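Enquirer: My structure is stored as structure27.cif, with mmCIF, C-alpha atoms and all ligand atoms.
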data_data
#
loop_
_atom_site.group_PDB
_atom_site.id
_atom_site.type_symbol
_atom_site.label_atom_id
_atom_site.label_comp_id
_atom_site.auth_asym_id
_atom_site.auth_seq_id
_atom_site.Cartn_x
_atom_site.Cartn_y
_atom_site.Cartn_z
ATOM 1 C CA MET A 8 11.732 -17.411 8.072
ATOM 2 C CA SER A 9 9.028 -20.050 8.086
ATOM 3 C CA THR A 10 6.108 -18.049 9.465
ATOM 4 C CA PRO A 11 6.509 -14.343 8.825
ATOM 5 C CA HIS A 12 4.749 -11.984 11.209
ATOM 6 C CA ILE A 13 2.829 -9.321 9.327
ATOM 7 C CA GLY A 14 1.083 -6.434 11.055
ATOM 8 C CA VAL A 15 -2.039 -4.870 9.557
ATOM 9 C CA LEU A 16 -2.654 -1.222 10.368
ATOM 10 C CA ALA A 17 -6.011 -1.392 12.120
ATOM 11 C CA LEU A 18 -7.196 2.176 12.559
ATOM 12 C CA GLN A 19 -9.945 1.967 9.923
ATOM 13 C CA GLY A 20 -10.685 0.050 6.727
ATOM 14 C CA ASP A 21 -10.750 -3.548 5.560
ATOM 15 C CA VAL A 22 -8.380 -4.963 8.169
ATOM 16 C CA ARG A 23 -10.133 -8.289 8.691
ATOM 17 C CA GLU A 24 -10.082 -9.141 4.985
ATOM 18 C CA HIS A 25 -6.324 -8.546 4.689
ATOM 19 C CA ARG A 26 -5.574 -10.583 7.817
ATOM 20 C CA ALA A 27 -7.628 -13.524 6.547
ATOM 21 C CA VAL A 28 -5.865 -13.607 3.161
ATOM 22 C CA LEU A 29 -2.391 -13.182 4.696
ATOM 23 C CA GLU A 30 -3.044 -16.016 7.146
ATOM 24 C CA GLY A 31 -4.188 -18.177 4.253
ATOM 25 C CA GLN A 32 -0.743 -17.542 2.721
ATOM 26 C CA GLY A 33 1.071 -18.835 5.802
ATOM 27 C CA ALA A 34 1.707 -15.574 7.649
ATOM 28 C CA ARG A 35 0.946 -14.817 11.283
ATOM 29 C CA THR A 36 -0.863 -11.490 11.553
ATOM 30 C CA SER A 37 -1.614 -8.958 14.228
ATOM 31 C CA ALA A 38 -3.440 -5.651 14.379
ATOM 32 C CA VAL A 39 -1.336 -2.497 14.675
ATOM 33 C CA ARG A 40 -2.967 0.340 16.600
ATOM 34 C CA ARG A 41 -0.130 1.418 18.879
ATOM 35 C CA PRO A 42 3.556 2.156 18.183
ATOM 36 C CA GLU A 43 4.769 -0.768 20.293
ATOM 37 C CA GLU A 44 2.770 -3.139 18.079
ATOM 38 C CA LEU A 45 5.271 -2.449 15.271
ATOM 39 C CA THR A 46 8.025 -4.151 17.233
ATOM 40 C CA GLY A 47 9.163 -7.472 15.836
ATOM 41 C CA LEU A 48 7.132 -7.317 12.637
ATOM 42 C CA ASP A 49 8.528 -8.768 9.400
ATOM 43 C CA GLY A 50 6.059 -6.859 7.231
ATOM 44 C CA LEU A 51 3.245 -4.350 7.360
ATOM 45 C CA VAL A 52 -0.016 -4.048 5.402
ATOM 46 C CA LEU A 53 -1.894 -0.773 5.025
ATOM 47 C CA PRO A 54 -5.517 -1.540 4.166
ATOM 48 C CA GLY A 55 -8.025 0.205 1.973
ATOM 49 C CA GLY A 56 -10.456 2.561 3.643
ATOM 50 C CA GLU A 57 -10.327 6.336 3.866
ATOM 51 C CA SER A 58 -6.796 7.682 3.816
ATOM 52 C CA THR A 59 -7.662 11.056 5.370
ATOM 53 C CA THR A 60 -9.239 9.288 8.360
ATOM 54 C CA ILE A 61 -6.427 6.750 8.697
ATOM 55 C CA ALA A 62 -3.780 9.496 8.563
ATOM 56 C CA LYS A 63 -5.597 11.613 11.159
ATOM 57 C CA LEU A 64 -6.027 8.655 13.499
ATOM 58 C CA ALA A 65 -2.369 7.670 13.026
ATOM 59 C CA ARG A 66 -1.314 11.209 13.980
ATOM 60 C CA ARG A 67 -3.669 11.253 16.983
ATOM 61 C CA TRP A 68 -2.472 7.888 18.273
ATOM 62 C CA GLY A 69 1.212 8.777 17.925
ATOM 63 C CA LEU A 70 1.660 6.187 15.173
ATOM 64 C CA LEU A 71 2.540 8.333 12.172
ATOM 65 C CA ASP A 72 6.214 8.935 12.966
ATOM 66 C CA PRO A 73 6.834 5.344 14.123
ATOM 67 C CA LEU A 74 5.226 4.132 10.861
ATOM 68 C CA ARG A 75 7.472 6.490 8.854
ATOM 69 C CA ASP A 76 10.524 5.267 10.718
ATOM 70 C CA ALA A 77 9.543 1.623 10.185
ATOM 71 C CA VAL A 78 9.004 1.945 6.416
ATOM 72 C CA ARG A 79 12.118 4.108 5.901
ATOM 73 C CA GLY A 80 14.031 1.645 8.023
ATOM 74 C CA GLY A 81 13.201 -1.075 5.495
ATOM 75 C CA LEU A 82 10.163 -2.841 6.952
ATOM 76 C CA PRO A 83 8.455 -4.379 3.887
ATOM 77 C CA ALA A 84 5.082 -2.724 3.363
ATOM 78 C CA TYR A 85 2.103 -3.315 1.090
ATOM 79 C CA GLY A 86 -0.704 -0.782 0.709
ATOM 80 C CA SER A 87 -3.989 -1.291 -1.143
ATOM 81 C CA CYS A 88 -6.012 1.742 -2.276
ATOM 82 C CA ALA A 89 -6.015 4.074 0.761
ATOM 83 C CA GLY A 90 -2.839 2.183 1.716
ATOM 84 C CA MET A 91 -1.241 3.268 -1.576
ATOM 85 C CA ILE A 92 -2.130 6.883 -0.731
ATOM 86 C CA LEU A 93 -0.538 6.486 2.701
ATOM 87 C CA LEU A 94 2.704 5.172 1.177
ATOM 88 C CA ALA A 95 3.001 7.964 -1.405
ATOM 89 C CA ASP A 96 5.608 10.680 -0.993
ATOM 90 C CA ARG A 97 3.362 13.180 -2.828
ATOM 91 C CA LEU A 98 -0.428 13.549 -3.228
ATOM 92 C CA LEU A 99 -2.757 15.296 -5.663
ATOM 93 C CA ASP A 100 -6.418 16.088 -4.972
ATOM 94 C CA ALA A 101 -5.836 15.710 -1.248
ATOM 95 C CA PRO A 102 -6.573 18.205 1.530
ATOM 96 C CA ALA A 103 -3.528 20.478 1.904
ATOM 97 C CA ASP A 104 -2.900 19.161 5.402
ATOM 98 C CA GLN A 105 -3.206 15.439 4.561
ATOM 99 C CA GLU A 106 -0.146 13.642 5.882
ATOM 100 C CA THR A 107 1.320 10.407 4.563
ATOM 101 C CA ILE A 108 3.735 7.787 5.806
ATOM 102 C CA GLY A 109 5.642 7.991 2.525
ATOM 103 C CA GLY A 110 8.361 5.654 1.342
ATOM 104 C CA LEU A 111 7.234 5.371 -2.282
ATOM 105 C CA ASP A 112 8.727 7.982 -4.613
ATOM 106 C CA VAL A 113 5.434 8.499 -6.428
ATOM 107 C CA THR A 114 2.781 11.168 -6.895
ATOM 108 C CA VAL A 115 -0.621 9.625 -6.245
ATOM 109 C CA ARG A 116 -3.897 11.224 -7.290
ATOM 110 C CA ARG A 117 -6.733 10.484 -4.874
ATOM 111 C CA ASN A 118 -10.151 9.433 -6.186
ATOM 112 C CA ALA A 119 -8.556 9.588 -9.627
ATOM 113 C CA PHE A 120 -11.085 7.427 -11.463
ATOM 114 C CA GLY A 121 -13.960 9.307 -9.868
ATOM 115 C CA ARG A 122 -14.326 11.655 -12.761
ATOM 116 C CA GLN A 123 -15.179 8.719 -14.980
ATOM 117 C CA VAL A 124 -16.760 6.251 -12.604
ATOM 118 C CA ASP A 125 -16.461 5.722 -8.847
ATOM 119 C CA SER A 126 -16.026 1.977 -8.768
ATOM 120 C CA PHE A 127 -15.290 -0.616 -11.400
ATOM 121 C CA GLU A 128 -13.628 -3.953 -11.976
ATOM 122 C CA SER A 129 -10.965 -4.798 -14.502
ATOM 123 C CA GLU A 130 -8.255 -7.328 -15.329
ATOM 124 C CA VAL A 131 -4.722 -6.108 -14.631
ATOM 125 C CA GLU A 132 -1.503 -7.883 -15.638
ATOM 126 C CA VAL A 133 0.861 -7.545 -12.673
ATOM 127 C CA ALA A 134 4.597 -8.063 -13.258
ATOM 128 C CA GLY A 135 5.892 -10.782 -10.951
ATOM 129 C CA VAL A 136 2.434 -12.309 -10.476
ATOM 130 C CA ALA A 137 2.142 -15.376 -12.690
ATOM 131 C CA GLY A 138 -1.030 -17.061 -13.859
ATOM 132 C CA GLY A 139 -2.757 -14.376 -15.895
ATOM 133 C CA PRO A 140 -4.202 -10.994 -15.052
ATOM 134 C CA VAL A 141 -5.398 -10.163 -11.562
ATOM 135 C CA HIS A 142 -9.100 -9.427 -11.179
ATOM 136 C CA ALA A 143 -8.930 -5.895 -9.806
ATOM 137 C CA VAL A 144 -11.673 -4.124 -7.849
ATOM 138 C CA PHE A 145 -11.340 -0.327 -7.796
ATOM 139 C CA ILE A 146 -13.371 1.631 -5.214
ATOM 140 C CA ARG A 147 -12.907 5.414 -5.318
ATOM 141 C CA ALA A 148 -9.380 4.438 -6.169
ATOM 142 C CA PRO A 149 -6.218 6.465 -6.622
ATOM 143 C CA TRP A 150 -3.736 6.064 -9.453
ATOM 144 C CA VAL A 151 -0.031 6.788 -9.678
ATOM 145 C CA GLU A 152 0.315 9.972 -11.687
ATOM 146 C CA GLN A 153 4.097 10.028 -11.681
ATOM 147 C CA ALA A 154 6.681 7.486 -10.541
ATOM 148 C CA GLY A 155 10.291 8.246 -9.635
ATOM 149 C CA ASP A 156 13.242 6.519 -11.277
ATOM 150 C CA GLY A 157 13.613 3.904 -8.549
ATOM 151 C CA VAL A 158 9.976 2.825 -8.803
ATOM 152 C CA GLU A 159 9.047 -0.262 -10.783
ATOM 153 C CA VAL A 160 5.653 -0.078 -12.487
ATOM 154 C CA LEU A 161 4.032 -3.481 -11.931
ATOM 155 C CA GLY A 162 0.639 -2.908 -13.507
ATOM 156 C CA ARG A 163 -1.464 -0.553 -15.583
ATOM 157 C CA VAL A 164 -5.132 -0.350 -16.502
ATOM 158 C CA SER A 165 -5.734 -1.764 -19.913
ATOM 159 C CA GLY A 166 -8.618 -0.389 -21.958
ATOM 160 C CA GLY A 167 -11.350 2.105 -21.171
ATOM 161 C CA PRO A 168 -10.957 5.809 -20.427
ATOM 162 C CA ALA A 169 -8.153 5.215 -17.899
ATOM 163 C CA ASP A 170 -6.131 3.053 -20.304
ATOM 164 C CA GLY A 171 -2.442 2.998 -19.352
ATOM 165 C CA ARG A 172 -2.860 4.483 -15.859
ATOM 166 C CA ILE A 173 -0.423 3.042 -13.314
ATOM 167 C CA VAL A 174 -2.198 1.009 -10.618
ATOM 168 C CA ALA A 175 0.520 -1.243 -9.150
ATOM 169 C CA VAL A 176 4.058 -0.244 -8.169
ATOM 170 C CA ARG A 177 7.041 -1.461 -6.199
ATOM 171 C CA GLN A 178 10.064 0.328 -4.832
ATOM 172 C CA GLY A 179 12.363 -2.106 -3.096
ATOM 173 C CA SER A 180 10.318 -3.721 -0.352
ATOM 174 C CA VAL A 181 7.395 -1.288 -0.634
ATOM 175 C CA VAL A 182 4.478 -2.412 -2.816
ATOM 176 C CA ALA A 183 1.181 -0.660 -3.546
ATOM 177 C CA THR A 184 -1.923 -1.294 -5.624
ATOM 178 C CA SER A 185 -4.828 1.025 -6.419
ATOM 179 C CA PHE A 186 -7.150 -1.949 -6.199
ATOM 180 C CA HIS A 187 -8.265 -4.339 -3.452
ATOM 181 C CA PRO A 188 -7.073 -7.935 -3.927
ATOM 182 C CA GLU A 189 -8.255 -8.668 -0.385
ATOM 183 C CA LEU A 190 -11.860 -8.440 -1.616
ATOM 184 C CA THR A 191 -11.709 -10.765 -4.609
ATOM 185 C CA GLY A 192 -10.553 -14.187 -3.445
ATOM 186 C CA ASP A 193 -7.498 -13.859 -5.732
ATOM 187 C CA THR A 194 -4.694 -14.397 -3.235
ATOM 188 C CA ARG A 195 -1.730 -13.966 -5.599
ATOM 189 C CA LEU A 196 -0.798 -10.413 -4.621
ATOM 190 C CA HIS A 197 -0.750 -11.314 -0.948
ATOM 191 C CA ARG A 198 1.377 -14.358 -1.781
ATOM 192 C CA PHE A 199 3.722 -12.070 -3.736
ATOM 193 C CA PHE A 200 4.046 -9.843 -0.653
ATOM 194 C CA VAL A 201 4.476 -12.724 1.782
ATOM 195 C CA GLU A 202 7.244 -14.123 -0.481
ATOM 196 C CA LEU A 203 8.899 -10.702 -0.589
ATOM 197 C CA VAL A 204 8.817 -10.579 3.225
ATOM 198 C CA ARG A 205 10.275 -14.091 3.386
ATOM 199 C CA GLN A 206 13.214 -13.283 1.097
ATOM 200 C CA PRO A 207 16.523 -13.142 2.892
ATOM 201 C CA GLY A 208 17.177 -9.471 3.527
ATOM 202 C CA GLY A 209 13.501 -8.707 2.885
ATOM 203 C CA ARG A 210 13.772 -5.912 5.389
ATOM 204 C CA ARG A 211 16.408 -4.159 3.304
ATOM 205 C CA ARG A 212 15.356 -1.821 0.508
ATOM 206 C CA ALA A 213 16.257 -3.633 -2.688
ATOM 207 C CA ASP A 214 16.933 -0.336 -4.474
ATOM 208 C CA GLY A 215 19.428 0.676 -1.790
ATOM 209 C CA ALA A 216 17.668 4.011 -1.285
ATOM 210 C CA SER A 217 18.926 5.810 1.775
ATOM 211 C CA ASP A 218 16.806 7.750 4.226
ATOM 212 C CA GLY A 219 18.255 10.931 2.731
ATOM 213 C CA VAL A 220 16.936 10.140 -0.720
ATOM 214 C CA ILE A 221 13.449 9.474 0.579
ATOM 215 C CA GLU A 222 13.530 12.643 2.660
ATOM 216 C CA GLU A 223 14.528 14.778 -0.324
ATOM 217 C CA SER A 224 11.763 13.445 -2.526
ATOM 218 C CA SER A 225 9.088 13.885 0.123
ATOM 219 C CA THR A 226 9.546 17.622 0.504
HETATM 220 N N1 LIG A 301 -10.760 7.315 -1.795
HETATM 221 C C1 LIG A 301 -10.179 6.743 -0.598
HETATM 222 C C2 LIG A 301 -9.134 7.645 0.013
HETATM 223 O O1 LIG A 301 -8.816 8.666 -0.497
HETATM 224 C C3 LIG A 301 -9.581 5.386 -0.872
HETATM 225 C C4 LIG A 301 -10.655 4.399 -1.186
HETATM 226 C C5 LIG A 301 -10.343 2.985 -0.819
HETATM 227 O O2 LIG A 301 -9.407 2.656 -0.082
HETATM 228 N N2 LIG A 301 -11.186 2.104 -1.303
HETATM 229 O O3 LIG A 301 -8.620 7.300 1.023
#
Let me see the file written as structure tokens.

Expert:
Amino acid sequence: MSTPHIGVLALQGDVREHRAVLEGQGARTSAVRRPEELTGLDGLVLPGGESTTIAKLARRWGLLDPLRDAVRGGLPAYGSCAGMILLADRLLDAPADQETIGGLDVTVRRNAFGRQVDSFESEVEVAGVAGGPVHAVFIRAPWVEQAGDGVEVLGRVSGGPADGRIVAVRQGSVVATSFHPELTGDTRLHRFFVELVRQPGGRRRADGASDGVIEESST
């Protein structure tokens, strides 16, 4: 696959920034607002923004179930911040009726750093991303409170009151970060995702999880 086609969910949030970085990494991108715009994609990015709004709009536009089917069907997906929340199977500190796409066997706490500080920047070592720590921008960010057995922890906060908190994870072809690499000019996480999409069989879940397993853990 020379030029992968990556869709960016474009209901709300920093869509333009993600598209620009992905295109800089050799991907073709398009905005996803309608179910039919998922057809033919090699990968999907869920941007930062406000997860409650994105989830409501996705429900209203008939996109939520098609997005669930796409991610469970093995479409590689990367979510930053609100995108991480949307990919989580379980949420904490969320409205009781907040829906997610799911696909990541994790419990994510919304606005988790808020008790200490709303927004901050830090250096995060990310497994699989060479060249030193990633400069990470956290904006009312979530963290991963608990990760299932099939989930690989790629990065944790180092130092400060949130020391050790999980902020980057991968489960097969689904990747999520609490922070926003699309805002920093550091393109390595997008390159990591574009490479993952390019891998032969990139659409298949590397952990071999079946739909049944995902369904069980999301209840
Ligand atoms: N706090 C937001 C939410 O819950 C996420 C913030 C972000 O994406 N920068 O959706």

Enquirer: Please find the residues contacting ligand LIG 301 (chain A) at a distance of at most 6 Å between atoms, with all atoms listed in the file counted, and report them as a PyMOL selection string.

Expert: chain A and resi 55-59+88-89+117-118+146-148

Enquirer: Rank nothing, just name the residue among A:Val182, A:Val133, A:Leu196, A:Leu18 nearest to Arg66 (chain A), using all atoms listed in the file.

Expert: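 That would be A:Leu18, the residue with the smallest distance to Arg66 (chain A).
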
Enquirer: One decimal, in Å: what's the spacing between CA of Val174 (chain A) and CA of Gln105 (chain A)?

Expert: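 Distance between the two atoms: 21.0 Å.
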
Enquirer: Using the chain letters and numbers from the file, which residues does the PyMOL selection byres (((chain A and resi 80-86) around 10) and not hetatm) grab, as an MDAnalysis selection string?

Expert: chainID A and resid 13:16 45 48:55 74:79 87:95 110 175:177 179:187 196:197 200:201 203:205 208:213 215:218

Enquirer: With the file shown as input, list the residues that the PyMOL selection byres (((chain A and resi 21-31) around 6) and not hetatm) selects, as a list in words.

Expert: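 With the PyMOL selection byres (((chain A and resi 21-31) around 6) and not hetatm) on this model, the match is Ala17, Gly20, Gln32, Gly33, Ala34, Arg35, Pro54, Gly55 and Glu189 of chain A.
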
Enquirer: So the first atom is CA of His12 (chain A) and the second is CA of Trp68 (chain A); what is the distance between them in Å, to one decimal place?

Expert: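 These two atoms are separated by 22.3 Å.
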
Enquirer: In Å, rounded to a single decimal, give me how far CA of Asp100 (chain A) is from CA of Leu70 (chain A).

Expert: 23.9 Å

Enquirer: For Leu190 (chain A), which of A:Val141, A:Asp112, A:Leu98, A:Gly47 is the closest residue, counting only C-alpha atoms?

Expert: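 Under the stated criterion, the closest residue is A:Val141.
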
Enquirer: Would you pick out the contacts of Ala154 (chain A) at 7 Å or less, using all atoms listed in the file, so that residues sharing its chain but fewer than 4 positions from it are not included, and give the list as a ChimeraX atom specification?

Expert: /A:112-114,158

Enquirer: For a quick check of understanding, using only C-alpha atoms, which of A:Glu130, A:Asp193, A:Glu44, A:Glu106 has the smallest distance to Ile61 (chain A)?

Expert: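 Looking at the shortest contact to Ile61 (chain A), the residue is A:Glu106.
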
Enquirer: Report the centre and edge lengths, in Å to one decimal, of an axis-aligned box enclosing every atom of region 169-186 of chain A listed in the file, padded by 5 Å on each side, as JSON.

Expert:
{"center_x": 2.1, "center_y": 0.7, "center_z": -10.3, "size_x": 30.5, "size_y": 18.9, "size_z": 30.0}

Enquirer: Can you pull out the residues contacting Ser129 (chain A)? Cut-off 10 Å, using only C-alpha atoms, and skip same-chain residues under 5 positions away; I want them as an mmCIF file with C-alpha atoms, in the coordinates of the input.

Expert:
data_model
loop_
_atom_site.group_PDB
_atom_site.id
_atom_site.type_symbol
_atom_site.label_atom_id
_atom_site.label_comp_id
_atom_site.auth_asym_id
_atom_site.auth_seq_id
_atom_site.Cartn_x
_atom_site.Cartn_y
_atom_site.Cartn_z
ATOM 1 C CA PRO A 140 -4.202 -10.994 -15.052
ATOM 2 C CA VAL A 141 -5.398 -10.163 -11.562
ATOM 3 C CA HIS A 142 -9.100 -9.427 -11.179
ATOM 4 C CA ALA A 143 -8.930 -5.895 -9.806
ATOM 5 C CA VAL A 144 -11.673 -4.124 -7.849
ATOM 6 C CA PHE A 145 -11.340 -0.327 -7.796
ATOM 7 C CA VAL A 164 -5.132 -0.350 -16.502
ATOM 8 C CA SER A 165 -5.734 -1.764 -19.913
ATOM 9 C CA GLY A 166 -8.618 -0.389 -21.958
ATOM 10 C CA GLY A 167 -11.350 2.105 -21.171
ATOM 11 C CA PHE A 186 -7.150 -1.949 -6.199
#

Enquirer: Counting all atoms listed in the file, which of A:Pro168, A:Ala62, A:Gly135, A:Glu43 gets nearest to Pro102 (chain A)?

Expert: A:Ala62

Enquirer: Between A:Leu111, A:Leu64, A:Ala103, A:Val131, which is the closest to Pro188 (chain A) once you count all atoms listed in the file?

Expert: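 Answer, going by the shortest atom-to-atom distance: A:Val131.
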